[in-house]
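*Asks:* This is the content of model-v1.pdb (PDB, C-alpha atoms):
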```
ATOM      1  CA  MET A   1      -4.755 -24.271  -3.382
ATOM      2  CA  ILE A   2      -3.874 -26.895  -5.944
ATOM      3  CA  VAL A   3      -1.694 -25.381  -8.660
ATOM      4  CA  PRO A   4      -3.096 -26.092 -12.114
ATOM      5  CA  ALA A   5      -0.894 -27.656 -14.774
ATOM      6  CA  GLU A   6       0.518 -25.094 -17.195
ATOM      7  CA  LYS A   7      -1.077 -26.784 -20.198
ATOM      8  CA  GLU A   8      -4.521 -26.783 -18.553
ATOM      9  CA  LEU A   9      -4.250 -23.158 -17.469
ATOM     10  CA  ARG A  10      -3.150 -22.030 -20.935
ATOM     11  CA  ALA A  11      -6.079 -23.914 -22.474
ATOM     12  CA  VAL A  12      -8.543 -22.173 -20.144
ATOM     13  CA  LEU A  13      -6.979 -18.783 -20.886
ATOM     14  CA  ALA A  14      -7.335 -19.446 -24.607
ATOM     15  CA  ARG A  15     -10.944 -20.544 -24.119
ATOM     16  CA  PHE A  16     -11.662 -17.396 -22.117
ATOM     17  CA  ALA A  17     -10.051 -15.165 -24.758
ATOM     18  CA  GLN A  18     -12.019 -16.810 -27.568
ATOM     19  CA  ALA A  19     -15.276 -16.552 -25.636
ATOM     20  CA  ARG A  20     -14.606 -12.883 -24.840
ATOM     21  CA  ILE A  21     -13.913 -12.084 -28.496
ATOM     22  CA  GLU A  22     -16.957 -13.959 -29.772
ATOM     23  CA  HIS A  23     -19.206 -12.286 -27.215
ATOM     24  CA  ASP A  24     -17.828  -8.821 -27.974
ATOM     25  CA  VAL A  25     -18.219  -9.278 -31.737
ATOM     26  CA  ARG A  26     -21.669 -10.872 -31.795
ATOM     27  CA  PRO A  27     -23.307 -11.231 -28.372
ATOM     28  CA  THR A  28     -25.909 -13.971 -28.099
ATOM     29  CA  GLY A  29     -27.222 -16.166 -25.332
ATOM     30  CA  ARG A  30     -24.740 -18.864 -26.322
ATOM     31  CA  THR A  31     -21.730 -16.526 -26.300
ATOM     32  CA  SER A  32     -22.836 -15.167 -22.943
ATOM     33  CA  ARG A  33     -23.039 -18.672 -21.461
ATOM     34  CA  ASP A  34     -19.682 -19.642 -22.987
ATOM     35  CA  LEU A  35     -18.063 -16.542 -21.518
ATOM     36  CA  GLU A  36     -19.615 -17.151 -18.098
ATOM     37  CA  ASP A  37     -18.428 -20.763 -18.144
ATOM     38  CA  ALA A  38     -14.881 -19.853 -19.195
ATOM     39  CA  THR A  39     -14.752 -17.058 -16.605
ATOM     40  CA  TYR A  40     -15.953 -19.381 -13.848
ATOM     41  CA  THR A  41     -13.409 -22.044 -14.786
ATOM     42  CA  LEU A  42     -10.579 -19.504 -14.868
ATOM     43  CA  CYS A  43     -11.585 -18.135 -11.469
ATOM     44  CA  VAL A  44     -11.750 -21.613  -9.936
ATOM     45  CA  MET A  45      -8.364 -22.604 -11.386
ATOM     46  CA  THR A  46      -6.677 -19.452 -10.047
ATOM     47  CA  GLY A  47      -8.563 -19.204  -6.750
ATOM     48  CA  ALA A  48      -9.812 -15.733  -7.690
ATOM     49  CA  GLY A  49     -13.183 -14.160  -7.015
ATOM     50  CA  ASN A  50     -13.555 -12.439 -10.360
ATOM     51  CA  VAL A  51     -11.919 -12.196 -13.782
ATOM     52  CA  LYS A  52     -10.036  -8.980 -12.878
ATOM     53  CA  GLN A  53      -8.246 -10.976 -10.186
ATOM     54  CA  ALA A  54      -8.029 -14.213 -12.170
ATOM     55  CA  LEU A  55      -6.092 -12.875 -15.157
ATOM     56  CA  PRO A  56      -3.132 -11.493 -13.153
ATOM     57  CA  ALA A  57      -3.233 -14.608 -10.952
ATOM     58  CA  ALA A  58      -2.985 -16.791 -14.066
ATOM     59  CA  ASP A  59      -0.033 -14.714 -15.309
ATOM     60  CA  ALA A  60       1.692 -15.149 -11.952
ATOM     61  CA  LEU A  61       1.131 -18.909 -11.998
ATOM     62  CA  LEU A  62       2.622 -19.128 -15.483
ATOM     63  CA  GLU A  63       5.795 -17.221 -14.537
TER      64      GLU A  63
END
```
Would you give me this structure, written as structure tokens?

*Replies:*
Amino acid sequence: MIVPAEKELRAVLARFAQARIEHDVRPTGRTSRDLEDATYTLCVMTGAGNVKQALPAADALLE
């Protein structure tokens, strides 16, 4: 697996967090797509199969 640059990984984590918040506050088709896209990107960058695996993997990569 290629290890993502710290800056890139932090940017994707921030994008995921923002998308999650926006979708939780006011769910729409757009917020759903944004969340799916951010989740997919985070999973690809961490080599995880789902967001529950991707978040701890991202933390480990940033340590």

*Asks:* Can you measure atom CA of A:Tyr40 to atom CA of A:Ala58 for me? One decimal in Å is fine.

*Replies:*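 Between atom CA of A:Tyr40 and atom CA of A:Ala58 the gap works out to 13.2 Å.
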
*Asks:* Leaving out A:Asn50 and any residue of its chain fewer than 4 positions from it, which residues lie within 8 Å of it when counting all atoms listed in the file, given as a list in words?

*Replies:* Thr39, Cys43 and Ala54 of chain A

*Asks:* With the file shown as input, list the residues that the PyMOL selection byres ((chain A and resi 16) around 12) selects, as a PyMOL selection string.

*Replies:* chain A and resi 9-15+17-23+31-43+51+54-55+58

*Asks:* As JSON, what would the box around stretch 57-63 of chain A look like: edges along x, y and z, 4 Å added on every side, centre and edge lengths in Å to one decimal?

*Replies:*
```
{"center_x": 1.3, "center_y": -16.9, "center_z": -13.2, "size_x": 17.0, "size_y": 12.5, "size_z": 12.5}
```

*Asks:* What is the distance, in Å and to one decimal place, between atom CA of A:Asp59 and atom CA of A:Arg26?

*Replies:* 27.5 Å

*Asks:* Hey, can you check how far atom CA of A:Ala5 sits from atom CA of A:Asp24?

*Replies:*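 Interatomic distance, atom CA of A:Ala5 to atom CA of A:Asp24: 28.6 Å.
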
*Asks:* List, as a ChimeraX atom specification, every residue that the PyMOL selection byres ((chain A and resi 61) around 9) selects in the file provided.

*Replies:* /A:3-4,6,9,46,56-60,62-63
